[in-house]
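Worksheet: the structure to be examined is printed underneath.
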Amino acid sequence: DKSVLDELSKTSPFVYAIKTLQLDMINLFVDYFGQDITNYTDQINFALNLVLIDLCTSVWKPSKETIFLSIQKVIQIFSNAGIVDIDLNCTFRNHTFLTQAISQSQSDFIKFYLQLNKNSSIIPTTSPIVSAITQKQFDIINFLIDFYGDEIKNQAEQINYGIQLLFESINKDRIPPKKIIEILTVVKKFSEFVEIDLIGDFSNKKILSVAIQQSEKELVDFYLHAVKDQSIFYDLSAESPFIVAIANSQMDIIDLLIQYFGDKISCQNEQINIGIEKLLNNATNGTISNPCIFDSSPARSVIKRFEQVAGVDLTKVISSSGFLRFAIRTSEMDLITFHLNHIKDRSIFQDLTPNSPFVIAIRSLNISILDL
């Protein structure tokens, strides 16, 4: 009675042999069935689904590498026996053999899987490119780029979809700056093969701000020319790209942004003034307790650079109390005089805190400043 072999259940000897990856027993069944093995495709795929469940629930004691190698050998046995529609796209809790292999960096199995699906009539439900991108498996991404070769261009839609999902996750999760730089590096690498379309409701500002803070000039340049949503450049928050670059006195990035905006740089005047004010406040407030320790050169370099750019108006920041504190601390007499001639709100001189410009002037013991 062969009916027990036809069952779609865990108790079927044939199913059990596959589920437990017993290669010798599987070969015996293949020899036993002969040409009739093609009638047992459903049992094979049912058993493979059980293998996936065990793989996802960590039932297997051997290493994952050994398990994937055994799965590969099982598939090869059935492929050699003439089984064409082997379904490696079954799912368990949103996982597939492919996503598991990617998460475990099993490049040999992934290559085997991709080659197998070329000859299968079953359409994969999971894109390997999307899975590798969203799982941040950079070694697998590089492997897939090499595997596809020139055909990587045909994966443009999946690449952009994976990148969009990845950027959305950056907005939701706490990802360290180093990881964000790695992500942006991968995105840039994809841009060598396909057009990257950085659109959608994701954290453009966070990604670009991190690249700026890390002085990744090449990545910032790439991002500026790839992003489609220009609204981030008019943002006045602490994550505004221009404000971040100025507040951190990133001169290379500032030059890059000046070049990027070109004749439209005047539209960024508000961001420029806010950024310089933050830079000045950081420079002065951080050294109130020890006036002897003060490096004014970064702020002066930034201000001097913007003074050379046509269309940039620094009136707002120059007339601010932060600018005056900075000018006093650096004994810039021309800047102090310019500020005093244009100041409208004199209430700052009534301030009784250590941040008061007048208090700072007295503590500097500079008679020339006090005379002004």
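Each chain in the structure tokens gets a letter, A, B, ..., in the order shown, and its residues are numbered from 1; ligands are numbered from 1 in order too.
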
inquiry  = At a cut-off of 8 Å, using only C-alpha atoms, what residues contact A:Ile159? Leave out same-chain residues fewer than 3 positions from it and give the result as a ChimeraX atom specification.
reply    = /A:129-130,133,155-156,162-163,190

Hey, can you spit out that residue selection with C-alpha atoms as a short mmCIF file (atom, residue, chain, number, x, y, z; two decimals), in the first residue's frame?
```cif
data_model
loop_
_atom_site.label_atom_id
_atom_site.label_comp_id
_atom_site.auth_asym_id
_atom_site.auth_seq_id
_atom_site.Cartn_x
_atom_site.Cartn_y
_atom_site.Cartn_z
CA ILE A 129 17.72 42.91 -4.09
CA VAL A 130 14.94 44.33 -1.90
CA ILE A 133 18.86 46.27 0.93
CA GLN A 155 16.44 45.58 -11.29
CA ALA A 156 16.01 49.40 -11.17
CA GLY A 162 14.33 48.70 -1.47
CA ILE A 163 16.09 52.04 -0.94
CA PHE A 190 23.73 51.40 -7.10
#
```

Filtered DSSP result for stretch 167-312 of chain A, state helix (DSSP H, G or I), as a PyMOL selection string = chain A and resi 167-172+177-190+204-213+217-226+230-234+241-247+251-285+297-307

Using only C-alpha atoms, determine which residues lie at most 9 Å from A:Ala17, disregarding the query and same-chain residues fewer than 5 positions distant; provide the list as a PDB file with all heavy atoms, in the first residue's frame.
```
ATOM      1  N   SER A  12       4.163  11.224   6.767  1.00  0.00           N
ATOM      2  CA  SER A  12       4.563  10.543   5.535  1.00  0.00           C
ATOM      3  C   SER A  12       6.068  10.290   5.577  1.00  0.00           C
ATOM      4  O   SER A  12       6.854  11.209   5.834  1.00  0.00           O
ATOM      5  CB  SER A  12       4.216  11.401   4.320  1.00  0.00           C
ATOM      6  OG  SER A  12       4.896  10.943   3.168  1.00  0.00           O
ATOM      7  N   GLN A  22      17.567  14.111   5.321  1.00  0.00           N
ATOM      8  CA  GLN A  22      18.320  12.852   5.282  1.00  0.00           C
ATOM      9  C   GLN A  22      18.599  12.494   3.822  1.00  0.00           C
ATOM     10  O   GLN A  22      17.780  11.874   3.140  1.00  0.00           O
ATOM     11  CB  GLN A  22      17.543  11.738   5.978  1.00  0.00           C
ATOM     12  CG  GLN A  22      17.303  12.003   7.455  1.00  0.00           C
ATOM     13  CD  GLN A  22      16.685  10.821   8.159  1.00  0.00           C
ATOM     14  OE1 GLN A  22      17.180   9.684   8.041  1.00  0.00           O
ATOM     15  NE2 GLN A  22      15.615  11.065   8.906  1.00  0.00           N
ATOM     16  N   LEU A  23      19.753  12.887   3.352  1.00  0.00           N
ATOM     17  CA  LEU A  23      20.076  12.779   1.927  1.00  0.00           C
ATOM     18  C   LEU A  23      20.058  11.325   1.431  1.00  0.00           C
ATOM     19  O   LEU A  23      19.570  11.041   0.329  1.00  0.00           O
ATOM     20  CB  LEU A  23      21.445  13.414   1.661  1.00  0.00           C
ATOM     21  CG  LEU A  23      21.593  14.900   2.036  1.00  0.00           C
ATOM     22  CD1 LEU A  23      22.987  15.395   1.678  1.00  0.00           C
ATOM     23  CD2 LEU A  23      20.544  15.740   1.340  1.00  0.00           C
ATOM     24  N   ASP A  24      20.608  10.399   2.203  1.00  0.00           N
ATOM     25  CA  ASP A  24      20.634   8.995   1.779  1.00  0.00           C
ATOM     26  C   ASP A  24      19.223   8.448   1.610  1.00  0.00           C
ATOM     27  O   ASP A  24      18.926   7.737   0.629  1.00  0.00           O
ATOM     28  CB  ASP A  24      21.405   8.144   2.791  1.00  0.00           C
ATOM     29  CG  ASP A  24      22.896   8.456   2.790  1.00  0.00           C
ATOM     30  OD1 ASP A  24      23.368   9.023   1.783  1.00  0.00           O
ATOM     31  OD2 ASP A  24      23.572   8.147   3.795  1.00  0.00           O
ATOM     32  N   MET A  25      18.333   8.767   2.557  1.00  0.00           N
ATOM     33  CA  MET A  25      16.955   8.297   2.474  1.00  0.00           C
ATOM     34  C   MET A  25      16.229   8.927   1.292  1.00  0.00           C
ATOM     35  O   MET A  25      15.446   8.258   0.595  1.00  0.00           O
ATOM     36  CB  MET A  25      16.216   8.626   3.770  1.00  0.00           C
ATOM     37  CG  MET A  25      16.716   7.872   4.996  1.00  0.00           C
ATOM     38  SD  MET A  25      16.533   6.058   4.777  1.00  0.00           S
ATOM     39  CE  MET A  25      14.757   5.921   4.631  1.00  0.00           C
ATOM     40  N   ILE A  26      16.503  10.179   1.046  1.00  0.00           N
ATOM     41  CA  ILE A  26      15.861  10.868  -0.088  1.00  0.00           C
ATOM     42  C   ILE A  26      16.278  10.210  -1.400  1.00  0.00           C
ATOM     43  O   ILE A  26      15.450   9.974  -2.294  1.00  0.00           O
ATOM     44  CB  ILE A  26      16.229  12.370  -0.088  1.00  0.00           C
ATOM     45  CG1 ILE A  26      15.615  13.066   1.122  1.00  0.00           C
ATOM     46  CG2 ILE A  26      15.770  13.045  -1.379  1.00  0.00           C
ATOM     47  CD1 ILE A  26      16.078  14.488   1.337  1.00  0.00           C
ATOM     48  N   PHE A  29      14.321   7.057  -1.928  1.00  0.00           N
ATOM     49  CA  PHE A  29      12.950   7.308  -2.400  1.00  0.00           C
ATOM     50  C   PHE A  29      12.946   7.695  -3.871  1.00  0.00           C
ATOM     51  O   PHE A  29      12.065   7.269  -4.640  1.00  0.00           O
ATOM     52  CB  PHE A  29      12.300   8.421  -1.577  1.00  0.00           C
ATOM     53  CG  PHE A  29      11.705   7.939  -0.290  1.00  0.00           C
ATOM     54  CD1 PHE A  29      12.242   8.302   0.934  1.00  0.00           C
ATOM     55  CD2 PHE A  29      10.592   7.098  -0.288  1.00  0.00           C
ATOM     56  CE1 PHE A  29      11.690   7.858   2.126  1.00  0.00           C
ATOM     57  CE2 PHE A  29      10.031   6.646   0.896  1.00  0.00           C
ATOM     58  CZ  PHE A  29      10.577   7.021   2.111  1.00  0.00           C
ATOM     59  N   ALA A  47       7.045  19.381   2.170  1.00  0.00           N
ATOM     60  CA  ALA A  47       8.159  19.062   3.074  1.00  0.00           C
ATOM     61  C   ALA A  47       9.139  20.234   3.170  1.00  0.00           C
ATOM     62  O   ALA A  47       9.655  20.534   4.252  1.00  0.00           O
ATOM     63  CB  ALA A  47       8.873  17.803   2.589  1.00  0.00           C
TER      64      ALA A  47
END
```

ask   = Quick one: distance from atom CA of A:Thr41 to atom CA of A:Thr91 in Å, one decimal?
value =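 Taking atom CA of A:Thr41 as the start and atom CA of A:Thr91 as the end point, the length is 17.2 Å.
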
query = With only C-alpha atoms as the basis for distance, which of A:Pro176, A:Ile276, A:Asp42, A:Ile86 is at the shortest distance from A:Pro298?
reply =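 Of all the options, A:Ile276 lies closest to A:Pro298.
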
task = Just the residues within 9 Å of A:Val309, please, counting only C-alpha atoms, with nothing from its chain fewer than 4 positions along; format it as a ChimeraX atom specification.
result = /A:258,265,305

File of the preceding selection, all heavy atoms, as a short mmCIF file (atom, residue, chain, number, x, y, z; two decimals), in the first residue's frame:
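The result, written out as again-v8.cif:
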```
data_model
loop_
_atom_site.label_atom_id
_atom_site.label_comp_id
_atom_site.auth_asym_id
_atom_site.auth_seq_id
_atom_site.Cartn_x
_atom_site.Cartn_y
_atom_site.Cartn_z
N ILE A 258 27.33 75.90 -1.57
CA ILE A 258 27.35 77.20 -2.27
C ILE A 258 27.37 76.96 -3.78
O ILE A 258 26.63 77.60 -4.54
CB ILE A 258 28.57 78.03 -1.83
CG1 ILE A 258 28.40 78.51 -0.39
CG2 ILE A 258 28.77 79.22 -2.77
CD1 ILE A 258 29.62 79.21 0.18
N ILE A 265 21.46 81.16 -4.32
CA ILE A 265 21.95 81.13 -2.94
C ILE A 265 21.20 82.12 -2.06
O ILE A 265 21.07 81.90 -0.85
CB ILE A 265 23.47 81.46 -2.91
CG1 ILE A 265 24.06 81.19 -1.53
CG2 ILE A 265 23.73 82.88 -3.35
CD1 ILE A 265 24.13 79.76 -1.14
N ARG A 305 33.91 83.46 4.34
CA ARG A 305 33.54 82.77 3.10
C ARG A 305 32.22 83.29 2.55
O ARG A 305 32.09 83.53 1.34
CB ARG A 305 33.44 81.26 3.37
CG ARG A 305 33.04 80.44 2.14
CD ARG A 305 34.13 80.48 1.09
NE ARG A 305 33.76 79.75 -0.11
CZ ARG A 305 33.21 80.31 -1.18
NH1 ARG A 305 32.95 81.63 -1.18
NH2 ARG A 305 32.93 79.60 -2.25
#
```

task = Determine the nearest neighbour of A:Val15 from the options A:Ala81, A:Leu314, A:Ile44, A:Ala132, counting only C-alpha atoms.
result =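 Nearest candidate to A:Val15 out of A:Ala81, A:Leu314, A:Ile44, A:Ala132: A:Ile44.
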
key: A:Phe33, A:Phe306, A:Tyr16, A:Tyr234 ranked by distance to A:Gln271, top pick (using only C-alpha atoms)   =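 Among the listed residues, the smallest separation from A:Gln271 belongs to A:Tyr234.
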
ask   = Between atom CA of A:Thr99 and atom CA of A:Lys179, what is the distance, to one decimal in Å?
value =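 Distance between the two atoms: 20.5 Å.
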
Interface rows for stretch 14-131 of chain A against stretch 145-153 of chain A: nearest pair, Å to one decimal, 12 Å, only C-alpha atoms, as CSV:
```
residue,atom,partner,partner_atom,distance
A:Ser107,CA,A:Phe147,CA,10.2
A:Asp108,CA,A:Phe147,CA,11.1
A:Ile110,CA,A:Phe147,CA,10.0
A:Lys111,CA,A:Phe147,CA,7.6
A:Phe112,CA,A:Phe147,CA,11.0
A:Tyr113,CA,A:Phe147,CA,11.9
A:Leu114,CA,A:Phe147,CA,9.2
A:Gln115,CA,A:Phe147,CA,10.0
A:Pro128,CA,A:Ile145,CA,10.9
A:Ile129,CA,A:Ile145,CA,8.9
```

Keeping N, CA, C and O atoms, export the residues of the selection given above as a tab-separated table (two decimals), in the first residue's frame.
```tsv
chain	number	residue	atom	x	y	z
A	107	SER	N	25.91	33.37	0.70
A	107	SER	CA	26.01	33.76	-0.71
A	107	SER	C	25.94	32.56	-1.66
A	107	SER	O	25.39	32.66	-2.76
A	108	ASP	N	26.52	31.42	-1.27
A	108	ASP	CA	26.48	30.24	-2.13
A	108	ASP	C	25.05	29.77	-2.36
A	108	ASP	O	24.67	29.44	-3.49
A	110	ILE	N	22.35	31.64	-2.03
A	110	ILE	CA	21.64	32.69	-2.78
A	110	ILE	C	21.91	32.54	-4.27
A	110	ILE	O	21.00	32.65	-5.10
A	111	LYS	N	23.16	32.31	-4.62
A	111	LYS	CA	23.51	32.10	-6.02
A	111	LYS	C	22.78	30.89	-6.58
A	111	LYS	O	22.24	30.93	-7.70
A	112	PHE	N	22.76	29.81	-5.81
A	112	PHE	CA	22.04	28.60	-6.22
A	112	PHE	C	20.56	28.89	-6.41
A	112	PHE	O	19.94	28.46	-7.41
A	113	TYR	N	19.97	29.63	-5.48
A	113	TYR	CA	18.55	29.98	-5.54
A	113	TYR	C	18.24	30.78	-6.81
A	113	TYR	O	17.26	30.51	-7.52
A	114	LEU	N	19.06	31.78	-7.10
A	114	LEU	CA	18.82	32.64	-8.25
A	114	LEU	C	18.92	31.86	-9.56
A	114	LEU	O	18.12	32.05	-10.48
A	115	GLN	N	19.91	30.97	-9.63
A	115	GLN	CA	20.06	30.17	-10.84
A	115	GLN	C	18.91	29.18	-11.00
A	115	GLN	O	18.44	28.94	-12.11
A	128	PRO	N	15.42	39.41	-4.21
A	128	PRO	CA	16.67	39.32	-3.44
A	128	PRO	C	17.31	40.69	-3.23
A	128	PRO	O	17.90	40.94	-2.18
A	129	ILE	N	17.17	41.56	-4.22
A	129	ILE	CA	17.72	42.91	-4.09
A	129	ILE	C	17.04	43.67	-2.96
A	129	ILE	O	17.68	44.28	-2.10
```

remark   = As a check of understanding: the span from atom CA of A:Ile272 to atom CA of A:Ile243 is 6.5 Å

Polymer residues at most 10 Å from A:His95, only C-alpha atoms, same-chain spacing of 4 or more positions, as an MDAnalysis selection string = chainID A and resid 52:53 55:56 89:91 99:100 126

Just-selected residues, C-alpha atoms written as a PDB file, in the first residue's frame:
```
ATOM      1  CA  LEU A  52      11.611  26.476   6.318  1.00  0.00           C
ATOM      2  CA  ILE A  53       9.573  26.454   9.524  1.00  0.00           C
ATOM      3  CA  LEU A  55      14.907  26.957   9.879  1.00  0.00           C
ATOM      4  CA  CYS A  56      13.005  30.015  11.118  1.00  0.00           C
ATOM      5  CA  ASN A  89       9.271  30.699  -2.272  1.00  0.00           C
ATOM      6  CA  CYS A  90       7.096  29.307   0.489  1.00  0.00           C
ATOM      7  CA  THR A  91       6.713  31.606   3.477  1.00  0.00           C
ATOM      8  CA  THR A  99      15.372  36.096   3.257  1.00  0.00           C
ATOM      9  CA  GLN A 100      16.859  33.605   5.684  1.00  0.00           C
ATOM     10  CA  THR A 126      10.602  38.080  -2.664  1.00  0.00           C
TER      11      THR A 126
END
```

remark   = Of A:Gln137, A:Asn45, A:Gln106, A:Gln268, the one nearest to A:Val312 when counting only C-alpha atoms is A:Gln268

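Between A:Leu280 and the candidates A:Arg300, A:Lys172, A:Lys264, A:Lys10, the tightest atom-to-atom separation, counting only C-alpha atoms, involves A:Arg300.
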